[in-house]
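Next comes data_27.txt, with compact mmCIF, C-alpha atoms.
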```
# COMPACT_ATOMS: atom_id res chain seq x y z
CA MET M 27 14.99 -82.31 100.55
CA THR M 28 18.27 -84.19 100.44
CA GLY M 29 21.22 -84.15 102.76
CA ARG M 30 24.58 -85.72 103.53
CA SER M 31 26.07 -86.64 106.90
CA PHE M 32 29.67 -87.22 107.85
CA ILE M 33 30.47 -89.61 110.72
CA ILE M 34 33.71 -89.16 112.65
CA GLY M 35 34.70 -91.85 115.18
CA THR M 36 37.08 -91.11 118.08
CA MET M 37 37.43 -93.62 120.95
CA GLY M 38 34.01 -95.01 120.27
CA ALA M 39 32.32 -91.61 120.15
CA LEU M 40 30.37 -90.55 117.07
CA LEU M 41 30.30 -86.90 116.05
CA TRP M 42 27.77 -85.90 113.43
CA SER M 43 28.16 -82.91 111.16
CA LEU M 44 25.34 -81.66 108.97
CA SER M 45 26.39 -80.58 105.49
CA ALA M 46 24.80 -79.10 102.38
CA PHE M 47 21.11 -79.51 103.12
CA ALA M 48 19.36 -78.26 100.00
CA ASP M 49 15.97 -78.01 98.39
CA GLU M 50 16.38 -78.80 94.67
CA THR M 51 13.77 -78.16 91.99
CA ILE M 52 14.07 -79.53 88.46
CA LEU M 53 12.93 -76.84 86.01
CA THR M 54 13.83 -78.61 82.77
CA SER M 55 14.75 -82.21 82.05
CA ALA M 56 15.02 -83.70 78.58
CA LYS M 57 15.48 -87.11 80.18
CA LYS M 58 12.30 -86.84 82.26
CA ASN M 59 10.30 -84.74 79.79
CA ILE M 60 9.91 -81.91 82.32
CA HIS M 61 9.58 -78.20 81.62
CA LEU M 62 8.14 -75.70 84.09
CA ASP M 63 7.00 -72.53 82.33
CA GLU M 64 6.90 -70.61 85.62
CA TRP M 65 8.31 -71.25 89.08
CA SER M 66 9.44 -69.20 92.06
CA ALA M 67 10.84 -69.54 95.57
CA THR M 68 11.33 -66.96 98.29
CA SER M 69 12.93 -66.78 101.71
CA PRO M 70 10.73 -67.96 104.61
CA ALA M 71 8.92 -65.34 106.66
CA GLY M 72 11.13 -63.93 109.38
CA SER M 73 14.40 -64.74 107.60
CA ALA M 74 17.35 -62.57 108.57
CA GLN M 75 18.10 -62.05 104.87
CA THR M 76 15.46 -62.05 102.16
CA TRP M 77 16.09 -63.76 98.83
CA SER M 78 14.12 -64.96 95.82
CA VAL M 79 14.45 -67.05 92.65
CA LYS M 80 12.02 -66.77 89.76
CA LYS M 81 11.79 -68.64 86.47
CA VAL M 82 9.64 -67.43 83.57
CA THR M 83 9.20 -68.31 79.90
CA LEU M 84 9.34 -65.27 77.63
CA HIS M 85 6.99 -64.52 74.75
CA GLY M 86 6.92 -62.24 71.71
CA GLY M 87 9.32 -61.58 68.88
CA LYS M 88 12.60 -63.47 68.75
CA GLN M 89 12.49 -64.19 72.47
CA GLU M 90 9.48 -66.48 72.12
CA GLY M 91 10.02 -69.58 74.25
CA VAL M 92 13.19 -68.37 75.99
CA ASP M 93 13.61 -69.44 79.63
CA LEU M 94 14.90 -66.84 82.08
CA ILE M 95 15.92 -67.47 85.70
CA THR M 96 16.40 -64.43 87.97
CA VAL M 97 18.17 -64.79 91.32
CA ASP M 98 18.06 -62.12 94.05
CA ASN M 99 20.32 -62.90 97.01
CA GLY M 100 19.17 -59.89 99.01
CA LYS M 101 22.13 -57.77 97.95
CA LEU M 102 22.52 -58.38 94.24
CA SER M 103 20.49 -59.95 91.46
CA PHE M 104 21.43 -61.72 88.24
CA SER M 105 19.66 -63.51 85.39
CA ILE M 106 20.58 -66.78 83.68
CA VAL M 107 19.29 -67.84 80.25
CA PRO M 108 19.19 -71.68 80.02
CA THR M 109 17.90 -71.44 76.44
CA ARG M 110 21.15 -69.71 75.45
CA GLY M 111 23.66 -72.16 76.88
CA MET M 112 23.33 -70.95 80.50
CA SER M 113 24.59 -67.47 79.59
CA ALA M 114 24.20 -64.68 82.16
CA LEU M 115 22.11 -61.81 80.83
CA ARG M 116 22.92 -59.18 83.43
CA ALA M 117 23.67 -58.54 87.11
CA GLN M 118 22.83 -55.61 89.35
CA MET M 119 23.87 -54.43 92.81
CA GLY M 120 22.53 -51.03 93.80
CA ASP M 121 23.48 -48.63 91.02
CA ILE M 122 26.18 -50.91 89.61
CA ARG M 123 25.28 -52.99 86.58
CA LEU M 124 27.22 -55.83 85.02
CA GLY M 125 26.22 -55.75 81.37
CA TRP M 126 26.02 -53.32 78.48
CA ASP M 127 23.64 -51.63 76.04
CA SER M 128 23.53 -53.74 72.90
CA PRO M 129 21.45 -52.84 69.85
CA VAL M 130 20.02 -56.36 70.28
CA LYS M 131 17.26 -55.78 72.84
CA GLU M 132 15.41 -59.10 72.95
CA ILE M 133 16.85 -62.28 74.46
CA VAL M 134 17.05 -64.12 71.16
CA ASN M 135 15.94 -67.73 70.93
CA PRO M 136 18.66 -69.76 69.16
CA VAL M 137 16.12 -70.93 66.58
CA TYR M 138 16.44 -67.42 65.08
CA ILE M 139 20.26 -67.51 64.97
CA ASN M 140 22.15 -68.56 61.85
CA LEU M 141 25.75 -68.84 63.01
CA LEU M 142 26.97 -68.95 59.40
CA ALA M 143 25.38 -65.59 58.52
CA ARG M 144 27.62 -62.77 57.27
CA ASP M 145 30.67 -64.99 56.75
CA GLY M 146 30.28 -66.74 60.08
CA VAL M 147 29.49 -63.91 62.52
CA GLY M 148 25.80 -64.77 63.06
CA TRP M 149 26.62 -65.13 66.78
CA LEU M 150 26.36 -61.33 66.92
CA ASP M 151 22.63 -61.47 66.13
CA GLY M 152 21.98 -62.59 69.72
CA PHE M 153 24.89 -60.85 71.44
CA ASN M 154 23.63 -58.71 74.34
CA GLU M 155 24.55 -60.67 77.45
CA TRP M 156 26.83 -59.77 80.33
CA MET M 157 28.51 -63.19 80.40
CA PRO M 158 28.05 -65.52 77.43
CA ARG M 159 30.53 -68.34 77.07
CA ALA M 160 32.31 -68.88 73.77
CA GLY M 161 33.15 -72.48 72.89
CA ILE M 162 33.29 -75.33 73.55
CA ALA M 163 34.48 -77.33 70.54
CA TRP M 164 35.97 -74.06 69.27
CA ALA M 165 35.97 -70.37 70.12
CA GLY M 166 37.36 -67.20 68.61
CA HIS M 167 37.32 -65.84 65.09
CA PRO M 168 35.44 -67.44 62.21
CA GLY M 169 37.12 -68.98 59.20
CA LYS M 170 38.48 -72.21 57.84
CA ASP M 171 40.25 -74.74 60.01
CA GLY M 172 41.36 -77.34 57.53
CA ALA M 173 38.21 -78.72 55.92
CA ASN M 174 36.00 -77.25 58.67
CA THR M 175 34.27 -73.88 58.59
CA LEU M 176 34.26 -72.37 62.08
CA THR M 177 31.79 -69.67 63.11
CA LEU M 178 32.45 -66.82 65.54
CA HIS M 179 32.78 -68.04 69.14
CA GLY M 180 31.38 -71.51 68.62
CA GLN M 181 27.99 -73.00 69.36
CA ILE M 182 27.56 -73.39 73.11
CA GLY M 183 25.89 -69.99 73.62
CA ASN M 184 23.13 -70.98 71.21
CA ILE M 185 22.36 -74.47 72.53
CA PRO M 186 19.48 -74.82 75.03
CA ALA M 187 20.31 -76.60 78.27
CA SER M 188 18.91 -80.14 78.46
CA GLU M 189 18.81 -80.30 82.27
CA VAL M 190 18.20 -77.29 84.53
CA SER M 191 17.67 -77.13 88.28
CA VAL M 192 17.77 -74.69 91.18
CA SER M 193 19.02 -75.58 94.65
CA ILE M 194 18.61 -73.57 97.83
CA GLU M 195 21.41 -74.73 100.11
CA LYS M 196 20.80 -74.30 103.81
CA GLY M 197 23.37 -72.79 106.10
CA ASN M 198 24.64 -69.51 107.39
CA PRO M 199 24.42 -67.60 105.11
CA GLY M 200 23.16 -70.24 102.64
CA ARG M 201 23.62 -70.41 98.90
CA ILE M 202 21.48 -70.33 95.75
CA VAL M 203 22.70 -72.56 92.92
CA VAL M 204 21.47 -72.69 89.32
CA LYS M 205 22.68 -75.79 87.46
CA GLY M 206 22.51 -76.61 83.76
CA LEU M 207 23.76 -79.28 81.40
CA VAL M 208 24.41 -78.28 77.79
CA ASN M 209 25.34 -80.88 75.16
CA GLU M 210 27.43 -79.96 72.12
CA ILE M 211 27.15 -83.32 70.39
CA SER M 212 27.02 -84.29 66.72
CA MET M 213 27.38 -87.43 64.64
CA PHE M 214 30.99 -87.44 63.35
CA GLY M 215 31.53 -84.20 65.26
CA SER M 216 32.14 -82.99 68.78
CA ASN M 217 30.89 -85.01 71.76
CA LEU M 218 31.28 -82.56 74.61
CA THR M 219 29.10 -81.57 77.57
CA LEU M 220 29.20 -78.34 79.55
CA ASN M 221 28.12 -78.76 83.16
CA SER M 222 27.32 -75.27 84.42
CA GLU M 223 26.80 -74.19 88.02
CA VAL M 224 26.15 -70.51 88.78
CA SER M 225 25.87 -69.70 92.48
CA THR M 226 25.77 -66.91 95.03
CA GLU M 227 25.77 -66.81 98.80
CA ILE M 228 22.82 -65.06 100.42
CA GLY M 229 23.72 -61.41 100.98
CA SER M 230 27.02 -61.66 99.06
CA ASN M 231 28.48 -59.39 96.38
CA HIS M 232 29.85 -62.45 94.52
CA ILE M 233 28.55 -64.54 91.59
CA VAL M 234 30.52 -67.72 90.97
CA PHE M 235 30.60 -69.70 87.71
CA ASN M 236 31.73 -73.27 88.36
CA ASP M 237 31.85 -75.23 85.10
CA SER M 238 33.27 -78.42 83.69
CA ILE M 239 33.70 -79.66 80.13
CA VAL M 240 33.42 -83.44 79.66
CA ASN M 241 34.58 -85.52 76.70
CA ASN M 242 31.83 -88.11 76.23
CA GLY M 243 33.50 -89.68 73.22
CA THR M 244 35.98 -92.48 72.62
CA LYS M 245 38.67 -90.29 71.06
CA PRO M 246 40.67 -87.30 72.33
CA GLN M 247 38.90 -84.02 71.57
CA GLU M 248 40.06 -80.43 71.40
CA TYR M 249 38.11 -77.87 73.40
CA GLN M 250 38.11 -74.11 73.94
CA ILE M 251 36.21 -71.78 76.23
CA ILE M 252 36.17 -68.01 76.65
CA TYR M 253 34.34 -66.37 79.55
CA HIS M 254 33.22 -63.40 77.48
CA SER M 255 32.18 -60.99 80.29
CA ASP M 256 31.07 -57.62 78.89
CA TYR M 257 30.68 -54.20 80.51
CA GLY M 258 29.22 -50.82 79.67
CA GLU M 259 28.15 -47.93 81.86
CA PRO M 260 28.41 -47.18 84.75
CA ILE M 261 31.72 -49.05 85.14
CA LEU M 262 32.89 -48.31 81.60
CA GLU M 263 33.39 -44.58 80.95
CA GLY M 264 36.09 -42.16 79.92
CA GLY M 265 38.93 -42.59 82.41
CA ALA M 266 37.96 -46.12 83.45
CA LYS M 267 40.90 -48.43 84.15
CA PHE M 268 41.74 -52.10 83.67
CA VAL M 269 44.07 -53.60 86.28
CA ALA M 270 45.73 -57.02 86.08
CA PRO M 271 48.95 -58.81 87.09
CA ILE M 272 50.45 -59.15 83.62
CA LYS M 273 53.28 -61.50 82.71
CA GLU M 274 52.99 -60.92 78.97
CA LEU M 275 51.06 -58.38 76.91
CA ARG M 276 50.52 -58.75 73.14
CA PRO M 277 48.48 -56.85 70.55
CA PHE M 278 45.97 -58.97 68.70
CA ASP M 279 46.50 -57.18 65.39
CA GLY M 280 47.94 -54.05 63.84
CA VAL M 281 45.19 -51.83 65.22
CA ALA M 282 45.92 -52.92 68.78
CA ALA M 283 49.67 -52.63 68.19
CA LYS M 284 49.27 -48.87 67.62
CA ALA M 285 47.33 -48.49 70.89
CA ILE M 286 49.32 -50.78 73.18
CA SER M 287 50.67 -47.91 75.29
CA THR M 288 47.10 -47.08 76.41
CA PHE M 289 45.74 -50.64 76.58
CA ASP M 290 44.58 -50.30 80.20
CA SER M 291 42.63 -47.01 79.94
CA TYR M 292 39.34 -46.10 78.28
CA LEU M 293 37.89 -43.22 76.29
CA ASP M 294 34.40 -41.77 76.14
CA ALA M 295 32.13 -43.11 73.41
CA LYS M 296 33.32 -42.33 69.89
CA PRO M 297 31.24 -43.35 66.87
CA GLY M 298 33.36 -45.25 64.40
CA PHE M 299 35.91 -46.43 66.97
CA THR M 300 37.89 -49.42 65.69
CA GLU M 301 37.99 -52.19 68.26
CA GLU M 302 41.25 -52.97 70.02
CA VAL M 303 42.08 -56.42 71.37
CA PHE M 304 44.99 -57.33 73.61
CA GLY M 305 46.22 -60.77 74.59
CA ILE M 306 47.43 -61.20 78.15
CA VAL M 307 49.20 -64.00 80.00
CA PRO M 308 48.50 -63.24 83.68
CA TYR M 309 50.65 -64.01 86.69
CA GLY M 310 49.17 -66.20 89.41
CA ASP M 311 49.70 -66.37 93.15
CA ALA M 312 51.20 -69.32 95.07
CA ASN M 313 48.01 -71.28 94.34
CA ASN M 314 48.01 -70.35 90.63
CA ARG M 315 45.04 -68.04 91.10
CA THR M 316 44.86 -64.62 89.51
CA SER M 317 42.59 -61.60 89.77
CA VAL M 318 41.79 -58.76 87.35
CA LEU M 319 39.42 -55.83 87.60
CA LEU M 320 37.78 -52.97 85.79
CA HIS M 321 36.82 -49.80 87.65
CA ASN M 322 35.29 -46.46 86.74
CA ALA M 323 37.14 -43.15 86.60
CA ALA M 324 36.35 -42.22 90.20
CA GLY M 325 37.49 -45.62 91.46
CA ASP M 326 34.29 -46.23 93.41
CA LYS M 327 32.53 -48.73 91.11
CA GLY M 328 33.99 -51.86 89.61
CA VAL M 329 34.05 -55.58 89.01
CA SER M 330 36.77 -58.13 89.73
CA LEU M 331 37.31 -61.61 88.30
CA THR M 332 39.26 -64.19 90.30
CA TYR M 333 40.10 -67.60 88.84
CA ALA M 334 42.76 -70.31 88.46
CA ILE M 335 45.20 -69.92 85.59
CA ASP M 336 45.78 -73.68 85.38
CA GLY M 337 42.67 -74.13 83.24
CA LEU M 338 42.41 -70.57 81.92
CA PRO M 339 46.00 -69.49 81.20
CA TYR M 340 45.13 -66.77 78.66
CA PHE M 341 43.10 -63.57 78.78
CA ALA M 342 41.71 -61.23 76.14
CA LEU M 343 40.95 -57.57 76.77
CA TRP M 344 38.46 -56.33 74.18
CA LYS M 345 37.96 -52.56 73.94
CA ASN M 346 35.14 -51.30 71.75
CA THR M 347 34.29 -47.79 72.87
CA GLY M 348 32.08 -46.91 69.93
CA ALA M 349 28.71 -45.16 69.91
CA LYS M 350 26.54 -45.55 73.01
CA GLY M 351 23.63 -47.91 72.49
CA GLU M 352 25.47 -49.63 69.65
CA ALA M 353 29.01 -50.53 70.55
CA TYR M 354 30.15 -48.95 73.84
CA VAL M 355 31.44 -52.06 75.58
CA THR M 356 34.55 -53.76 76.84
CA GLY M 357 35.18 -57.46 77.37
CA LEU M 358 37.24 -59.05 80.16
CA GLU M 359 37.77 -62.59 78.93
CA PRO M 360 39.58 -65.40 80.79
CA ALA M 361 40.13 -68.22 78.33
CA THR M 362 41.88 -71.42 77.34
CA SER M 363 43.44 -69.56 74.39
CA PHE M 364 43.52 -66.22 72.64
CA PRO M 365 40.49 -65.42 70.41
CA ALA M 366 42.11 -66.06 67.02
CA ASN M 367 40.77 -68.79 64.77
CA ARG M 368 41.38 -72.27 66.16
CA SER M 369 43.85 -73.04 63.35
CA ILE M 370 46.07 -70.16 64.54
CA GLU M 371 45.73 -71.09 68.19
CA ARG M 372 46.51 -74.76 67.51
CA LYS M 373 49.66 -73.83 65.61
CA ALA M 374 50.74 -71.74 68.61
CA GLY M 375 50.12 -74.66 70.98
CA ARG M 376 47.21 -73.00 72.74
CA VAL M 377 44.39 -75.49 72.03
CA PRO M 378 44.02 -78.08 74.83
CA THR M 379 42.75 -81.63 74.41
CA LEU M 380 40.58 -83.87 76.58
CA GLU M 381 41.12 -87.60 76.66
CA PRO M 382 38.07 -89.91 76.39
CA GLY M 383 35.95 -89.67 79.54
CA ALA M 384 38.09 -86.87 80.96
CA SER M 385 36.88 -83.47 82.15
CA GLN M 386 38.30 -80.02 82.84
CA SER M 387 36.88 -77.71 85.50
CA PHE M 388 36.83 -73.91 85.62
CA THR M 389 35.78 -71.53 88.39
CA VAL M 390 35.42 -67.79 87.82
CA ASP M 391 34.40 -65.65 90.79
CA PHE M 392 32.89 -62.26 89.87
CA ALA M 393 32.70 -59.64 92.65
CA ILE M 394 30.80 -56.38 92.28
CA LEU M 395 32.83 -53.60 93.89
CA SER M 396 30.96 -50.72 95.52
CA GLY M 397 32.89 -47.86 97.07
CA LYS M 398 36.54 -46.83 96.96
CA ASP M 399 37.56 -49.18 99.76
CA ALA M 400 36.31 -52.21 97.82
CA VAL M 401 37.99 -51.07 94.60
CA ASN M 402 41.26 -50.26 96.36
CA ALA M 403 41.28 -53.65 98.07
CA ALA M 404 40.86 -55.35 94.68
CA VAL M 405 43.70 -53.26 93.22
CA ASP M 406 45.93 -54.19 96.16
CA LYS M 407 45.13 -57.87 95.53
CA VAL M 408 46.32 -57.52 91.94
CA LYS M 409 49.49 -55.74 93.05
CA ALA M 410 50.21 -58.54 95.54
CA ILE M 411 49.95 -61.12 92.75
CA GLN M 412 52.19 -59.06 90.44
CA ALA M 413 54.63 -58.81 93.37
CA GLY M 414 56.96 -56.52 91.47
CA ARG M 415 57.48 -59.03 88.66
CA PRO M 416 58.05 -57.53 85.19
CA THR M 417 55.59 -57.31 82.31
CA ASN M 418 56.95 -58.45 78.98
CA VAL M 419 55.46 -56.45 76.09
CA ASN M 420 55.56 -58.70 73.03
CA THR M 421 55.01 -56.60 69.91
CA GLU M 422 54.32 -59.61 67.67
CA THR M 423 50.63 -59.66 66.79
CA ILE M 424 48.57 -62.72 67.69
CA LYS M 425 46.63 -62.66 64.44
CA PRO M 426 48.81 -62.62 61.32
CA CYS M 427 46.82 -59.81 59.70
CA CYS M 428 45.23 -56.53 60.73
CA LEU M 429 41.57 -57.32 60.20
CA SER M 430 39.37 -58.02 63.23
CA VAL M 431 35.86 -58.92 64.25
CA VAL M 432 34.17 -58.88 67.63
CA ASN M 433 35.97 -60.85 70.33
```
Represent the supplied structure as structure tokens.
Amino acid sequence: MTGRSFIIGTMGALLWSLSAFADETILTSAKKNIHLDEWSATSPAGSAQTWSVKKVTLHGGKQEGVDLITVDNGKLSFSIVPTRGMSALRAQMGDIRLGWDSPVKEIVNPVYINLLARDGVGWLDGFNEWMPRAGIAWAGHPGKDGANTLTLHGQIGNIPASEVSVSIEKGNPGRIVVKGLVNEISMFGSNLTLNSEVSTEIGSNHIVFNDSIVNNGTKPQEYQIIYHSDYGEPILEGGAKFVAPIKELRPFDGVAAKAISTFDSYLDAKPGFTEEVFGIVPYGDANNRTSVLLHNAAGDKGVSLTYAIDGLPYFALWKNTGAKGEAYVTGLEPATSFPANRSIERKAGRVPTLEPGASQSFTVDFAILSGKDAVNAAVDKVKAIQAGRPTNVNTETIKPCCLSVVN
């Protein structure tokens, strides 16, 4: 157990304040040669709110050797996959699920992923998570970027975390924190580290992703990240709605351009549906924070995302209401850029750079919304950020052609 104390002196008096007592367990450490196949922790007997954390190593098929950490805060549960870049597999609160029904059923070990497969879309061979990150040296569509061949959505989601720990922070209500360090490092290539922290307060309906990207190298480096959060039933259905404070709306390609008038509404599943992608520049509040949400047709189930637009100034809305069990999914994606190939995004001035030793932090707060009051409150929050300001519909497509792949 570790702790920190703060000492405040006033006229010779000392006031002590206890802060952030936590029990921390190292589950994986490349530096210390540690790997726990199984581990669990539960709330003490008699606790006002029960909670649990469990880590297992999966076996069989393509999920052989995959680590899975499941957190239950007493109100909601979620699972993190350290083996897949600290992606979040799913979350559940009552009858509301964050996630979707992918044809990929196993949690695929990256050793079975060839990112270059099928002209660079091998990322899809493991795509079934609620919240994988795309990045971090590049994200977006595959293709050439000068002499480099970029694969769909980068590498970070298929790199195992080198350091993983779980902390149980004391307090009222207390907090459960899963931390991971993922290195995207290569000789004569990128030298970036993702520091991931996924946390939840005991008894809360929130899951918070608090990340930073660090440039370990001696030269400036470009970076990109997309928080590729994906949703199916029960939130996604015919009549579901997307709500956001939108400063600018753009179609990604010609397909989206034809559907821009209905960008914020959803259809029932339709086999053969051609995906639609829309680029959004959101408004922020006085603190440069924004909030977006997706809710079902009845307006009594939903999810909201709240984050700062300083680090994540762009947003992609991916609509793919194809056949159920294969492609009925939508993506709400805060990002450093739109999901076009890095060469396109760089030309548009949307690829940021980190100086040597510098870092950039991101915090995305996901809230599961149960009941009409919760959904209406989230809608009102969006309206307050919009504050009557206009939405500019830019008909120029982001991608200079009409072909598209998964975003």
Open item on the list: Applying 10 Å and only C-alpha atoms, which residues near region 74-84 of chain M remain after dropping the ones on its own chain fewer than 6 positions away? List them as a PyMOL selection string.
Closed with: chain M and resi 53+62-68+90-107+109+132-133+135+192-194+199-200+202-204+228-229
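Relative to CA of Glu227 (chain M), CA of Gly197 (chain M) is found at 9.7 Å.
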- [ ] List the residues sitting within 9 Å of (43.3, -79.8, 73.2) in the file's frame, using all atoms listed in the file, as a PyMOL selection string.
- [x] chain M and resi 246-250+372+375-381
For C-alpha atoms, I'd like the residues from the last selection saved as a JSON list (two decimals), in the coordinates of the input.
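For reference, result_16.json as written:
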```json
[["chain", "number", "residue", "atom", "x", "y", "z"],
["M", 246, "PRO", "CA", 40.67, -87.30, 72.33],
["M", 247, "GLN", "CA", 38.90, -84.02, 71.57],
["M", 248, "GLU", "CA", 40.06, -80.43, 71.40],
["M", 249, "TYR", "CA", 38.11, -77.87, 73.40],
["M", 250, "GLN", "CA", 38.11, -74.11, 73.94],
["M", 372, "ARG", "CA", 46.51, -74.76, 67.51],
["M", 375, "GLY", "CA", 50.12, -74.66, 70.98],
["M", 376, "ARG", "CA", 47.21, -73.00, 72.74],
["M", 377, "VAL", "CA", 44.39, -75.49, 72.03],
["M", 378, "PRO", "CA", 44.02, -78.08, 74.83],
["M", 379, "THR", "CA", 42.75, -81.63, 74.41],
["M", 380, "LEU", "CA", 40.58, -83.87, 76.58],
["M", 381, "GLU", "CA", 41.12, -87.60, 76.66]]
```
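The space between CA of Pro136 (chain M) and CA of Asp256 (chain M) spans 19.9 Å.
Closest to Asp237 (chain M) among M:Met112, M:Ile211, M:Ala324, M:Ile335 is M:Met112, based on only C-alpha atoms.
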Open item on the list: Need the shell around Tyr340 (chain M): protein/DNA/RNA residues with any atom at most 10 Å away, counting only C-alpha atoms. Skip same-chain ones fewer than 6 positions apart. Format as a ChimeraX atom specification?
Closed with: /M:252,274,305-308,359-365,376
Task: CA of Lys327 (chain M) to CA of Asn402 (chain M), straight-line distance in Å - done: 10.3 Å
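Using all atoms listed in the file, the smallest distance between any of M:Pro70, M:Pro277, M:Gly258, M:Gly183 and Lys196 (chain M) comes from M:Pro70.
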Open item on the list: Measuring between all atoms listed in the file, which one of M:Pro271, M:Pro186, M:Gly414, M:Pro129 shows the shortest distance to Tyr354 (chain M)?
Closed with: M:Pro129
TODO: Determine, counting all atoms listed in the file, which protein, DNA and RNA residues have an atom within 7 Å of an atom of Thr423 (chain M); residues of the same chain fewer than 3 positions away are not included. Present the result as number ranges by chain.
DONE: M: 276-280, 426
Can you write just those residues out, C-alpha atoms, as an mmCIF file, keeping the file's coordinate frame?
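Output below, filename out_18.cif:
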```cif
data_model
loop_
_atom_site.group_PDB
_atom_site.id
_atom_site.type_symbol
_atom_site.label_atom_id
_atom_site.label_comp_id
_atom_site.auth_asym_id
_atom_site.auth_seq_id
_atom_site.Cartn_x
_atom_site.Cartn_y
_atom_site.Cartn_z
ATOM 1 C CA ARG M 276 50.520 -58.750 73.140
ATOM 2 C CA PRO M 277 48.480 -56.850 70.550
ATOM 3 C CA PHE M 278 45.970 -58.970 68.700
ATOM 4 C CA ASP M 279 46.500 -57.180 65.390
ATOM 5 C CA GLY M 280 47.940 -54.050 63.840
ATOM 6 C CA PRO M 426 48.810 -62.620 61.320
#
```
Pull the neighbourhood of (29.1, -63.0, 78.7) for me: all residues within 8 Å in file coordinates, counting only C-alpha atoms, as a PDB file with C-alpha atoms, in the frame of the given file.
```
ATOM      1  CA  SER M 113      24.590 -67.470  79.590  1.00  0.00           C
ATOM      2  CA  ALA M 114      24.200 -64.680  82.160  1.00  0.00           C
ATOM      3  CA  LEU M 115      22.110 -61.810  80.830  1.00  0.00           C
ATOM      4  CA  GLU M 155      24.550 -60.670  77.450  1.00  0.00           C
ATOM      5  CA  TRP M 156      26.830 -59.770  80.330  1.00  0.00           C
ATOM      6  CA  MET M 157      28.510 -63.190  80.400  1.00  0.00           C
ATOM      7  CA  PRO M 158      28.050 -65.520  77.430  1.00  0.00           C
ATOM      8  CA  ARG M 159      30.530 -68.340  77.070  1.00  0.00           C
ATOM      9  CA  TYR M 253      34.340 -66.370  79.550  1.00  0.00           C
ATOM     10  CA  HIS M 254      33.220 -63.400  77.480  1.00  0.00           C
ATOM     11  CA  SER M 255      32.180 -60.990  80.290  1.00  0.00           C
ATOM     12  CA  ASP M 256      31.070 -57.620  78.890  1.00  0.00           C
TER      13      ASP M 256
END
```
- [ ] Write out as a ChimeraX atom specification the residues lying within 8 Å of Ala349 (chain M), counting only C-alpha atoms and excluding same-chain residues fewer than 2 positions away.
- [x] /M:295-299,347,351-354
